[in-house]
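Participant: File entry_36.cif below, mmCIF, C-alpha atoms:
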```
data_data
#
loop_
_atom_site.label_atom_id
_atom_site.label_comp_id
_atom_site.auth_asym_id
_atom_site.auth_seq_id
_atom_site.Cartn_x
_atom_site.Cartn_y
_atom_site.Cartn_z
CA MET A 1293 -175.81 47.28 -116.54
CA LEU A 1294 -172.96 49.64 -115.81
CA THR A 1295 -171.20 49.07 -112.50
CA THR A 1296 -168.50 50.56 -110.31
CA ARG A 1297 -168.83 47.82 -107.67
CA GLY A 1298 -165.41 46.54 -106.61
CA ARG A 1299 -163.73 49.01 -108.99
CA LEU A 1300 -164.10 52.35 -107.23
CA GLY A 1301 -161.50 53.19 -104.60
CA GLY A 1302 -162.95 53.74 -101.13
CA ASP A 1303 -166.04 51.53 -101.39
CA ALA A 1304 -164.66 48.73 -99.20
CA ALA A 1305 -166.68 49.77 -96.15
CA ASN A 1306 -169.82 49.43 -98.21
CA GLY A 1307 -169.41 45.95 -99.61
CA GLY A 1308 -166.87 46.53 -102.37
CA ASP A 1309 -163.25 45.39 -102.58
CA ASP A 1310 -160.38 47.07 -100.76
CA GLY A 1311 -160.46 49.98 -103.22
CA SER A 1312 -156.85 49.39 -104.21
CA ASN A 1313 -157.36 49.24 -107.94
CA ASP A 1314 -154.08 50.73 -109.13
CA ASP A 1315 -154.27 49.46 -112.71
CA SER A 1316 -154.75 52.61 -114.77
CA ASN A 1317 -155.76 50.42 -117.71
CA THR A 1318 -158.76 49.09 -115.81
CA PRO A 1319 -161.80 51.32 -116.31
CA THR A 1320 -163.71 52.33 -113.19
CA VAL A 1321 -167.04 51.71 -114.92
CA ALA A 1322 -167.58 48.22 -116.30
CA THR A 1323 -170.42 46.92 -118.48
CA GLU A 1324 -172.44 43.81 -117.71
CA GLY A 1325 -174.83 41.97 -119.99
CA GLU A 1326 -175.40 42.43 -123.70
CA TRP A 1327 -175.30 46.06 -124.80
CA SER A 1328 -177.23 45.74 -128.04
CA PHE A 1329 -178.95 49.05 -128.76
CA ALA A 1330 -178.23 49.18 -132.47
CA ASP A 1331 -181.82 49.96 -133.45
CA ALA A 1332 -182.43 52.52 -130.69
CA ASP A 1333 -182.37 56.27 -131.22
CA GLU A 1334 -182.01 57.04 -127.50
CA LEU A 1335 -181.32 55.33 -124.17
CA VAL A 1336 -182.50 55.52 -120.56
CA LEU A 1337 -179.87 55.20 -117.81
CA PHE A 1338 -181.28 54.45 -114.34
CA VAL A 1339 -179.32 55.07 -111.12
CA HIS A 1340 -180.71 53.21 -108.08
CA GLY A 1341 -180.77 54.44 -104.50
CA PHE A 1342 -179.73 53.48 -100.99
CA ASP A 1343 -179.36 49.94 -99.60
CA THR A 1344 -179.45 48.22 -102.98
CA GLY A 1345 -177.30 45.20 -103.76
CA PRO A 1346 -176.23 44.02 -107.23
CA GLN A 1347 -179.24 41.79 -107.86
CA ALA A 1348 -181.69 44.38 -106.52
CA ALA A 1349 -180.07 46.96 -108.83
CA ARG A 1350 -180.74 44.70 -111.81
CA ASP A 1351 -184.27 43.97 -110.61
CA GLN A 1352 -185.08 47.66 -110.21
CA THR A 1353 -183.70 48.43 -113.66
CA TYR A 1354 -185.89 45.70 -115.13
CA THR A 1355 -188.93 47.04 -113.25
CA LEU A 1356 -188.32 50.51 -114.66
CA ASP A 1357 -187.89 49.01 -118.13
CA VAL A 1358 -191.24 47.22 -117.90
CA GLY A 1359 -192.98 50.32 -116.55
CA LEU A 1360 -191.58 52.71 -119.14
CA ASN A 1361 -192.46 50.44 -122.03
CA GLU A 1362 -196.12 50.77 -121.15
CA TYR A 1363 -195.85 54.32 -122.48
CA ARG A 1364 -192.78 54.50 -124.70
CA SER A 1365 -190.41 51.91 -126.12
CA LEU A 1366 -186.93 52.84 -124.86
CA PRO A 1367 -183.97 50.60 -124.02
CA VAL A 1368 -183.03 50.86 -120.34
CA ALA A 1369 -179.62 50.32 -118.74
CA GLY A 1370 -178.82 50.51 -115.03
CA TYR A 1371 -175.92 52.12 -113.16
CA SER A 1372 -175.00 49.89 -110.20
CA TRP A 1373 -172.97 51.35 -107.33
CA VAL A 1374 -172.17 50.30 -103.75
CA SER A 1375 -175.04 51.76 -101.74
CA ASP A 1376 -175.72 48.81 -99.42
CA GLY A 1377 -173.92 50.02 -96.31
CA GLU A 1378 -174.34 52.64 -93.61
CA TRP A 1379 -176.17 55.82 -94.64
CA ALA A 1380 -173.18 58.15 -94.17
CA ASP A 1381 -170.91 55.78 -96.10
CA ALA A 1382 -173.46 55.46 -98.92
CA LYS A 1383 -173.64 59.25 -99.30
CA ALA A 1384 -169.84 59.41 -99.54
CA VAL A 1385 -169.81 56.66 -102.18
CA ALA A 1386 -172.58 58.46 -104.07
CA ASP A 1387 -170.34 61.53 -104.27
CA ALA A 1388 -167.37 59.36 -105.30
CA ASN A 1389 -169.41 58.04 -108.24
CA ALA A 1390 -169.74 61.54 -109.73
CA GLU A 1391 -166.49 61.37 -111.69
CA PRO A 1392 -166.96 57.81 -113.03
CA LEU A 1393 -170.51 58.52 -114.19
CA ALA A 1394 -169.55 61.88 -115.71
CA GLY A 1395 -166.56 60.23 -117.39
CA TRP A 1396 -168.72 57.50 -118.88
CA LEU A 1397 -171.26 60.03 -120.14
CA GLY A 1398 -168.46 62.04 -121.73
CA GLN A 1399 -167.08 58.94 -123.40
CA TRP A 1400 -170.54 57.97 -124.66
CA ALA A 1401 -171.00 61.47 -126.08
CA ALA A 1402 -167.68 61.22 -127.92
CA GLU A 1403 -167.96 57.66 -129.19
CA ASP A 1404 -171.71 57.09 -129.65
CA GLY A 1405 -173.62 60.32 -129.18
CA ARG A 1406 -177.16 59.01 -128.95
CA PRO A 1407 -179.25 60.96 -126.44
CA ILE A 1408 -179.54 59.62 -122.89
CA HIS A 1409 -182.39 60.18 -120.45
CA LEU A 1410 -180.80 59.99 -116.99
CA ILE A 1411 -183.03 58.93 -114.08
CA GLY A 1412 -181.88 59.10 -110.46
CA TYR A 1413 -183.99 57.41 -107.79
CA SER A 1414 -183.72 58.16 -104.06
CA LEU A 1415 -180.01 58.47 -103.15
CA GLY A 1416 -179.30 57.88 -106.83
CA ALA A 1417 -180.37 61.52 -107.26
CA ARG A 1418 -177.20 62.43 -105.35
CA VAL A 1419 -175.09 60.37 -107.76
CA VAL A 1420 -176.81 62.04 -110.72
CA CYS A 1421 -176.57 65.62 -109.45
CA ALA A 1422 -172.98 65.17 -108.34
CA ALA A 1423 -172.19 63.87 -111.84
CA LEU A 1424 -173.87 66.94 -113.35
CA ALA A 1425 -171.61 69.12 -111.19
CA GLU A 1426 -168.59 67.14 -112.37
CA LEU A 1427 -169.65 67.59 -116.00
CA GLU A 1428 -170.03 71.32 -115.44
CA THR A 1429 -166.67 71.88 -113.73
CA SER A 1430 -164.73 69.61 -116.10
CA GLU A 1431 -166.46 71.07 -119.17
CA ARG A 1432 -167.01 67.59 -120.59
CA ALA A 1433 -169.42 67.11 -123.45
CA ASP A 1434 -172.49 65.12 -122.49
CA PRO A 1435 -175.25 63.28 -124.37
CA LEU A 1436 -178.06 64.12 -121.96
CA ALA A 1437 -181.52 64.75 -123.36
CA SER A 1438 -183.22 64.93 -119.94
CA VAL A 1439 -182.62 64.34 -116.24
CA SER A 1440 -185.37 63.03 -113.95
CA LEU A 1441 -185.19 62.79 -110.16
CA LEU A 1442 -187.60 60.33 -108.52
CA GLY A 1443 -187.99 60.66 -104.76
CA GLY A 1444 -184.65 62.45 -104.62
CA ALA A 1445 -182.79 62.02 -101.32
CA ILE A 1446 -180.92 65.32 -101.55
CA PRO A 1447 -181.60 68.58 -99.69
CA SER A 1448 -184.43 70.67 -101.07
CA ASP A 1449 -182.18 73.75 -101.26
CA SER A 1450 -179.34 71.94 -103.07
CA VAL A 1451 -181.09 72.41 -106.43
CA GLU A 1452 -181.54 76.17 -106.00
CA ARG A 1453 -179.45 78.61 -108.02
CA ASP A 1454 -177.10 79.15 -105.07
CA GLY A 1455 -177.31 75.52 -103.94
CA GLU A 1456 -174.76 72.77 -104.34
CA TYR A 1457 -176.11 71.67 -107.72
CA GLY A 1458 -177.66 74.91 -108.97
CA ASP A 1459 -174.87 75.95 -111.34
CA ALA A 1460 -174.69 72.47 -112.84
CA ILE A 1461 -178.42 72.36 -113.49
CA ALA A 1462 -178.41 75.82 -115.06
CA ALA A 1463 -175.43 74.94 -117.27
CA LEU A 1464 -177.00 71.73 -118.57
CA ASP A 1465 -178.49 71.87 -122.05
CA ALA A 1466 -181.32 69.55 -120.99
CA PRO A 1467 -184.32 69.82 -118.65
CA VAL A 1468 -184.03 68.63 -115.04
CA THR A 1469 -187.37 67.49 -113.61
CA ASN A 1470 -187.93 66.59 -109.97
CA PHE A 1471 -190.87 64.30 -109.19
CA TYR A 1472 -191.90 64.46 -105.55
CA SER A 1473 -194.60 62.91 -103.35
CA ARG A 1474 -195.80 64.30 -100.04
CA ARG A 1475 -196.84 60.73 -99.14
CA ASP A 1476 -193.20 59.61 -99.22
CA ARG A 1477 -192.72 58.88 -95.52
CA VAL A 1478 -189.15 57.65 -95.93
CA LEU A 1479 -188.11 61.11 -97.12
CA GLY A 1480 -190.67 63.01 -95.09
CA TRP A 1481 -189.69 61.39 -91.80
CA VAL A 1482 -186.58 59.20 -91.89
CA TYR A 1483 -184.48 61.42 -94.19
CA ARG A 1484 -185.57 64.58 -92.40
CA PHE A 1485 -184.62 63.08 -89.02
CA SER A 1486 -181.24 61.70 -90.16
CA ASP A 1487 -180.05 64.66 -92.26
CA ARG A 1488 -181.84 67.45 -90.38
CA THR A 1489 -183.22 68.93 -93.57
CA THR A 1490 -186.05 68.40 -96.05
CA ALA A 1491 -185.58 66.30 -99.17
CA VAL A 1492 -186.35 67.57 -102.64
CA GLY A 1493 -188.24 64.33 -103.21
CA SER A 1494 -190.76 64.99 -100.44
CA GLY A 1495 -191.83 68.54 -101.25
CA GLY A 1496 -189.88 69.93 -104.16
CA ILE A 1497 -187.39 72.78 -104.19
CA ASP A 1498 -187.16 74.80 -100.99
CA ASP A 1499 -187.71 78.17 -102.69
CA PRO A 1500 -189.44 77.94 -106.08
CA ALA A 1501 -188.36 81.50 -106.91
CA ALA A 1502 -184.73 80.34 -106.68
CA ALA A 1503 -185.07 77.55 -109.24
CA PRO A 1504 -182.27 77.56 -111.85
CA ASP A 1505 -183.04 77.68 -115.55
CA GLY A 1506 -184.10 74.29 -116.85
CA TYR A 1507 -185.41 72.99 -113.51
CA GLN A 1508 -189.01 72.13 -112.69
CA ASP A 1509 -190.91 70.32 -109.93
CA ILE A 1510 -193.80 67.97 -110.61
CA ASP A 1511 -196.06 66.97 -107.73
CA VAL A 1512 -196.97 63.27 -108.10
CA THR A 1513 -198.47 62.85 -104.62
CA GLU A 1514 -201.71 61.50 -106.05
CA LEU A 1515 -199.84 58.83 -108.04
CA VAL A 1516 -197.05 57.80 -105.66
CA ALA A 1517 -198.16 56.31 -102.36
CA ASP A 1518 -194.72 55.69 -100.82
CA HIS A 1519 -190.98 55.84 -101.41
CA TYR A 1520 -190.90 52.53 -103.26
CA SER A 1521 -193.61 53.15 -105.86
CA TYR A 1522 -192.18 55.88 -108.12
CA PHE A 1523 -191.29 53.57 -111.00
CA GLU A 1524 -193.60 50.63 -110.33
CA PRO A 1525 -195.70 49.65 -113.38
CA GLU A 1526 -199.27 50.95 -113.12
CA GLU A 1527 -198.62 52.32 -109.61
CA GLY A 1528 -196.01 55.04 -109.92
CA CYS A 1529 -195.44 58.22 -111.89
CA LEU A 1530 -193.78 56.91 -115.05
CA SER A 1531 -196.66 58.22 -117.16
CA ARG A 1532 -195.72 61.72 -116.00
CA VAL A 1533 -192.01 61.06 -116.49
CA VAL A 1534 -192.54 60.04 -120.11
CA GLU A 1535 -194.48 63.26 -120.75
CA THR A 1536 -191.35 65.30 -119.89
CA LEU A 1537 -188.92 63.40 -122.10
CA ASP A 1538 -187.83 65.32 -125.20
#
```
Show how you would write the structure in this file as structure tokens.

Facilitator:
Amino acid sequence: MLTTRGRLGGDAANGGDDGSNDDSNTPTVATEGEWSFADADELVLFVHGFDTGPQAARDQTYTLDVGLNEYRSLPVAGYSWVSDGEWADAKAVADANAEPLAGWLGQWAAEDGRPIHLIGYSLGARVVCAALAELETSERADPLASVSLLGGAIPSDSVERDGEYGDAIAALDAPVTNFYSRRDRVLGWVYRFSDRTTAVGSGGIDDPAAAPDGYQDIDVTELVADHYSYFEPEEGCLSRVVETLD
């Protein structure tokens, strides 16, 4: 696992520390567990969504690992961030994780260089897309081979060419694939009520004609019955995800 829990300033309201990490020698992103990928040619990095504590983040990463390995043997790491708080606070922390994630990806590109398949689930799609925007504006090198959004809890127009993340998607030298399910009631009802907009994870991009280069939607309604099934082994859409990986 990678984690910014207790290390990212401003996450105190969401279960982290007081955010007063003033030690410039302390990295914002820490590693947990044994990072032993010596025999791997590529890596999957999974970013969880809203209302997920540290153990649940590890459990979800393991679930994705099991599900992916039914189709393709890839090592999976998780990115754990403080999302277990109020919805508005979690969105702010998701945005605050853009720079740490982009910085880690840039460091990986410089020091290791093996391709990474980045997967953002639910509100984790906001972390991922915000990090793409940070990579684009900072002109950092990145190791990304693909980006996949599963049940993305971001506005359906934010991925358009003129949307918040459009330039970043177009600038990325890797495909960005959004997997959505019209049976996702959490996005179709709860998200729409709370944010007063539609989510890209419930119906795809708002205007398909405005999709940036490198972006595509994949409708997985027949495979994904609810918001919690996208990466479940034998129940979700991981078979379709694997088909899009370069």

Participant: I'd like the neighbourhood of Gly1395 of chain A as a list in words, where a residue qualifies if any of its atoms comes within 10 Å (using all atoms listed in the file), though same-chain residues fewer than 2 positions away should be ignored.

Facilitator: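 The contact residues come out as Thr1320, Val1321, Asn1389, Ala1390, Glu1391, Pro1392, Leu1393, Leu1397, Gly1398, Gln1399, Trp1400, Ala1401, Ala1423, Glu1426, Leu1427, Ser1430, Arg1432, Ala1433 and Asp1434 of chain A.
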
Participant: Quick one, how far is atom CA of Leu1294 of chain A from atom CA of Pro1525 of chain A?

Facilitator: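 Going from atom CA of Leu1294 of chain A over to atom CA of Pro1525 of chain A covers 22.9 Å.
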
Participant: Apply the PyMOL selection byres ((chain A and resi 1448) around 12) to the structure shown and report the selected residues as a PyMOL selection string.

Facilitator: chain A and resi 1417-1418+1443-1447+1449-1458+1470+1472+1479-1480+1483-1484+1487-1500+1502-1503+1509

Participant: Generate a file of the selected residues that holds C-alpha atoms, formatted as a CSV table (one decimal), in the frame of the given file.

Facilitator:
```
chain,number,residue,atom,x,y,z
A,1417,ALA,CA,-180.4,61.5,-107.3
A,1418,ARG,CA,-177.2,62.4,-105.4
A,1443,GLY,CA,-188.0,60.7,-104.8
A,1444,GLY,CA,-184.6,62.4,-104.6
A,1445,ALA,CA,-182.8,62.0,-101.3
A,1446,ILE,CA,-180.9,65.3,-101.6
A,1447,PRO,CA,-181.6,68.6,-99.7
A,1449,ASP,CA,-182.2,73.8,-101.3
A,1450,SER,CA,-179.3,71.9,-103.1
A,1451,VAL,CA,-181.1,72.4,-106.4
A,1452,GLU,CA,-181.5,76.2,-106.0
A,1453,ARG,CA,-179.4,78.6,-108.0
A,1454,ASP,CA,-177.1,79.2,-105.1
A,1455,GLY,CA,-177.3,75.5,-103.9
A,1456,GLU,CA,-174.8,72.8,-104.3
A,1457,TYR,CA,-176.1,71.7,-107.7
A,1458,GLY,CA,-177.7,74.9,-109.0
A,1470,ASN,CA,-187.9,66.6,-110.0
A,1472,TYR,CA,-191.9,64.5,-105.6
A,1479,LEU,CA,-188.1,61.1,-97.1
A,1480,GLY,CA,-190.7,63.0,-95.1
A,1483,TYR,CA,-184.5,61.4,-94.2
A,1484,ARG,CA,-185.6,64.6,-92.4
A,1487,ASP,CA,-180.0,64.7,-92.3
A,1488,ARG,CA,-181.8,67.4,-90.4
A,1489,THR,CA,-183.2,68.9,-93.6
A,1490,THR,CA,-186.0,68.4,-96.0
A,1491,ALA,CA,-185.6,66.3,-99.2
A,1492,VAL,CA,-186.4,67.6,-102.6
A,1493,GLY,CA,-188.2,64.3,-103.2
A,1494,SER,CA,-190.8,65.0,-100.4
A,1495,GLY,CA,-191.8,68.5,-101.2
A,1496,GLY,CA,-189.9,69.9,-104.2
A,1497,ILE,CA,-187.4,72.8,-104.2
A,1498,ASP,CA,-187.2,74.8,-101.0
A,1499,ASP,CA,-187.7,78.2,-102.7
A,1500,PRO,CA,-189.4,77.9,-106.1
A,1502,ALA,CA,-184.7,80.3,-106.7
A,1503,ALA,CA,-185.1,77.6,-109.2
A,1509,ASP,CA,-190.9,70.3,-109.9
```

Participant: Smallest atom-to-atom distance to Val1420 of chain A: which of A:Asp1476, A:Asp1387, A:Glu1526, A:Glu1535, using only C-alpha atoms?

Facilitator: A:Asp1387

Participant: When distances are computed from all atoms listed in the file, which of A:Arg1477, A:Ala1388, A:Asp1459, A:Leu1441 shows the smallest separation from Gln1508 of chain A?

Facilitator: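 Using all atoms listed in the file, Gln1508 of chain A sits closest to A:Leu1441.
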
Participant: As a check of understanding, name the residues that the PyMOL selection byres ((chain A and resi 1512) around 9) selects in the supplied structure, as a list in words.

Facilitator: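 Taken on the displayed file, the PyMOL selection byres ((chain A and resi 1512) around 9) yields the residues Phe1471, Tyr1472, Ser1473, Arg1474, Ile1510, Asp1511, Thr1513, Glu1514, Leu1515, Val1516, Tyr1522, Gly1528, Cys1529 and Arg1532 of chain A.
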
Participant: May I ask which of the residues A:Ala1462, A:Leu1337, A:Ala1348, A:Leu1537 is the closest one to Leu1410 of chain A, counting only C-alpha atoms?

Facilitator: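 Once distances to Leu1410 of chain A are computed over only C-alpha atoms, the minimum belongs to A:Leu1337.
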
Participant: Please identify all polymer residues within 9 Å of Thr1344 of chain A, counting all atoms listed in the file, omitting same-chain residues fewer than 4 positions from it, and present them as a ChimeraX atom specification.

Facilitator: /A:1340,1348-1349,1372-1377

Participant: Counting all atoms listed in the file, which of A:Val1336, A:Leu1464, A:Leu1442, A:Ala1322 gets nearest to Arg1299 of chain A?

Facilitator: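 Smallest distance to Arg1299 of chain A is found for A:Ala1322.
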
Participant: For a test of reading the model, state the distance in Å between atom CA of Tyr1354 of chain A and atom CA of Val1385 of chain A, rounded to one decimal.

Facilitator: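 Pair atom CA of Tyr1354 of chain A / atom CA of Val1385 of chain A returns 23.4 Å.
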
Participant: In Å to one decimal, how far is atom CA of Met1293 of chain A from atom CA of Trp1327 of chain A?

Facilitator: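 Value for the atom CA of Trp1327 of chain A-atom CA of Met1293 of chain A distance: 8.4 Å.
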
Participant: Name all residues at most 6 Å from Val1468 of chain A (count all atoms listed in the file; drop same-chain ones fewer than 4 positions away) and give them as a list of chain:residue names.

Facilitator: A:Val1439, A:Ser1440, A:Gly1506, A:Tyr1507

Participant: What would the file look like if the residues just selected were written as a CSV table (one decimal), keeping the file's coordinate frame with C-alpha atoms?

Facilitator:
```
chain,number,residue,atom,x,y,z
A,1439,VAL,CA,-182.6,64.3,-116.2
A,1440,SER,CA,-185.4,63.0,-114.0
A,1506,GLY,CA,-184.1,74.3,-116.8
A,1507,TYR,CA,-185.4,73.0,-113.5
```

Participant: Quick one: of A:Gln1347, A:Ser1328, A:Ser1521, A:Val1482, who's nearest to Gly1359 of chain A, counting all atoms listed in the file?

Facilitator: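 Using all atoms listed in the file, Gly1359 of chain A sits closest to A:Ser1521.
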
Participant: Taking only C-alpha atoms into account, which of A:Tyr1520, A:Tyr1363, A:Tyr1371, A:Trp1481 comes nearest Gly1345 of chain A?

Facilitator: A:Tyr1371

Participant: Exactly which residues make up the result of the PyMOL selection byres ((chain A and resi 1360) around 10) on this file, given as a PDB file with C-alpha atoms, in the frame of the given file?

Facilitator:
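Final file, result01.pdb:
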```pdb
ATOM      1  CA  VAL A1336    -182.500  55.520-120.560  1.00  0.00           C
ATOM      2  CA  TYR A1354    -185.890  45.700-115.130  1.00  0.00           C
ATOM      3  CA  THR A1355    -188.930  47.040-113.250  1.00  0.00           C
ATOM      4  CA  LEU A1356    -188.320  50.510-114.660  1.00  0.00           C
ATOM      5  CA  ASP A1357    -187.890  49.010-118.130  1.00  0.00           C
ATOM      6  CA  VAL A1358    -191.240  47.220-117.900  1.00  0.00           C
ATOM      7  CA  GLY A1359    -192.980  50.320-116.550  1.00  0.00           C
ATOM      8  CA  ASN A1361    -192.460  50.440-122.030  1.00  0.00           C
ATOM      9  CA  GLU A1362    -196.120  50.770-121.150  1.00  0.00           C
ATOM     10  CA  TYR A1363    -195.850  54.320-122.480  1.00  0.00           C
ATOM     11  CA  ARG A1364    -192.780  54.500-124.700  1.00  0.00           C
ATOM     12  CA  SER A1365    -190.410  51.910-126.120  1.00  0.00           C
ATOM     13  CA  LEU A1366    -186.930  52.840-124.860  1.00  0.00           C
ATOM     14  CA  PRO A1367    -183.970  50.600-124.020  1.00  0.00           C
ATOM     15  CA  VAL A1368    -183.030  50.860-120.340  1.00  0.00           C
ATOM     16  CA  PHE A1523    -191.290  53.570-111.000  1.00  0.00           C
ATOM     17  CA  GLU A1524    -193.600  50.630-110.330  1.00  0.00           C
ATOM     18  CA  PRO A1525    -195.700  49.650-113.380  1.00  0.00           C
ATOM     19  CA  GLU A1526    -199.270  50.950-113.120  1.00  0.00           C
ATOM     20  CA  CYS A1529    -195.440  58.220-111.890  1.00  0.00           C
ATOM     21  CA  LEU A1530    -193.780  56.910-115.050  1.00  0.00           C
ATOM     22  CA  SER A1531    -196.660  58.220-117.160  1.00  0.00           C
ATOM     23  CA  VAL A1533    -192.010  61.060-116.490  1.00  0.00           C
ATOM     24  CA  VAL A1534    -192.540  60.040-120.110  1.00  0.00           C
TER      25      VAL A1534
END
```

Participant: Could N, CA and C atoms be built for segment 1327-1344 of chain A and written out as a PDB file, in the frame of the given file?

Facilitator:
```
ATOM      1  N   TRP A1327    -174.954  44.696-124.430  1.00  0.00           N
ATOM      2  CA  TRP A1327    -175.300  46.060-124.800  1.00  0.00           C
ATOM      3  C   TRP A1327    -175.610  46.096-126.296  1.00  0.00           C
ATOM      4  N   SER A1328    -176.843  45.808-126.622  1.00  0.00           N
ATOM      5  CA  SER A1328    -177.230  45.740-128.040  1.00  0.00           C
ATOM      6  C   SER A1328    -178.359  46.735-128.292  1.00  0.00           C
ATOM      7  N   PHE A1329    -177.981  47.985-128.540  1.00  0.00           N
ATOM      8  CA  PHE A1329    -178.950  49.050-128.760  1.00  0.00           C
ATOM      9  C   PHE A1329    -178.866  49.584-130.180  1.00  0.00           C
ATOM     10  N   ALA A1330    -178.506  48.718-131.105  1.00  0.00           N
ATOM     11  CA  ALA A1330    -178.230  49.180-132.470  1.00  0.00           C
ATOM     12  C   ALA A1330    -179.424  49.859-133.121  1.00  0.00           C
ATOM     13  N   ASP A1331    -180.623  49.418-132.800  1.00  0.00           N
ATOM     14  CA  ASP A1331    -181.820  49.960-133.450  1.00  0.00           C
ATOM     15  C   ASP A1331    -182.439  51.122-132.667  1.00  0.00           C
ATOM     16  N   ALA A1332    -181.845  51.478-131.539  1.00  0.00           N
ATOM     17  CA  ALA A1332    -182.430  52.520-130.690  1.00  0.00           C
ATOM     18  C   ALA A1332    -181.904  53.901-131.060  1.00  0.00           C
ATOM     19  N   ASP A1333    -182.776  54.888-130.972  1.00  0.00           N
ATOM     20  CA  ASP A1333    -182.370  56.270-131.220  1.00  0.00           C
ATOM     21  C   ASP A1333    -181.938  56.974-129.943  1.00  0.00           C
ATOM     22  N   GLU A1334    -182.321  56.430-128.785  1.00  0.00           N
ATOM     23  CA  GLU A1334    -182.010  57.040-127.500  1.00  0.00           C
ATOM     24  C   GLU A1334    -182.008  55.949-126.427  1.00  0.00           C
ATOM     25  N   LEU A1335    -181.535  56.296-125.235  1.00  0.00           N
ATOM     26  CA  LEU A1335    -181.320  55.330-124.170  1.00  0.00           C
ATOM     27  C   LEU A1335    -181.710  55.939-122.836  1.00  0.00           C
ATOM     28  N   VAL A1336    -182.246  55.112-121.938  1.00  0.00           N
ATOM     29  CA  VAL A1336    -182.500  55.520-120.560  1.00  0.00           C
ATOM     30  C   VAL A1336    -181.422  54.895-119.670  1.00  0.00           C
ATOM     31  N   LEU A1337    -180.834  55.704-118.785  1.00  0.00           N
ATOM     32  CA  LEU A1337    -179.870  55.200-117.810  1.00  0.00           C
ATOM     33  C   LEU A1337    -180.434  55.471-116.417  1.00  0.00           C
ATOM     34  N   PHE A1338    -180.630  54.398-115.651  1.00  0.00           N
ATOM     35  CA  PHE A1338    -181.280  54.450-114.340  1.00  0.00           C
ATOM     36  C   PHE A1338    -180.240  54.254-113.239  1.00  0.00           C
ATOM     37  N   VAL A1339    -180.242  55.148-112.249  1.00  0.00           N
ATOM     38  CA  VAL A1339    -179.320  55.070-111.120  1.00  0.00           C
ATOM     39  C   VAL A1339    -180.145  54.790-109.853  1.00  0.00           C
ATOM     40  N   HIS A1340    -179.935  53.632-109.252  1.00  0.00           N
ATOM     41  CA  HIS A1340    -180.710  53.210-108.080  1.00  0.00           C
ATOM     42  C   HIS A1340    -180.297  53.996-106.836  1.00  0.00           C
ATOM     43  N   GLY A1341    -180.994  53.715-105.734  1.00  0.00           N
ATOM     44  CA  GLY A1341    -180.770  54.440-104.500  1.00  0.00           C
ATOM     45  C   GLY A1341    -180.083  53.649-103.409  1.00  0.00           C
ATOM     46  N   PHE A1342    -180.385  54.006-102.186  1.00  0.00           N
ATOM     47  CA  PHE A1342    -179.730  53.480-100.990  1.00  0.00           C
ATOM     48  C   PHE A1342    -180.094  52.018-100.723  1.00  0.00           C
ATOM     49  N   ASP A1343    -179.146  51.303-100.101  1.00  0.00           N
ATOM     50  CA  ASP A1343    -179.360  49.940 -99.600  1.00  0.00           C
ATOM     51  C   ASP A1343    -179.808  48.988-100.701  1.00  0.00           C
ATOM     52  N   THR A1344    -179.094  49.027-101.812  1.00  0.00           N
ATOM     53  CA  THR A1344    -179.450  48.220-102.980  1.00  0.00           C
ATOM     54  C   THR A1344    -178.240  47.402-103.415  1.00  0.00           C
TER      55      THR A1344
END
```
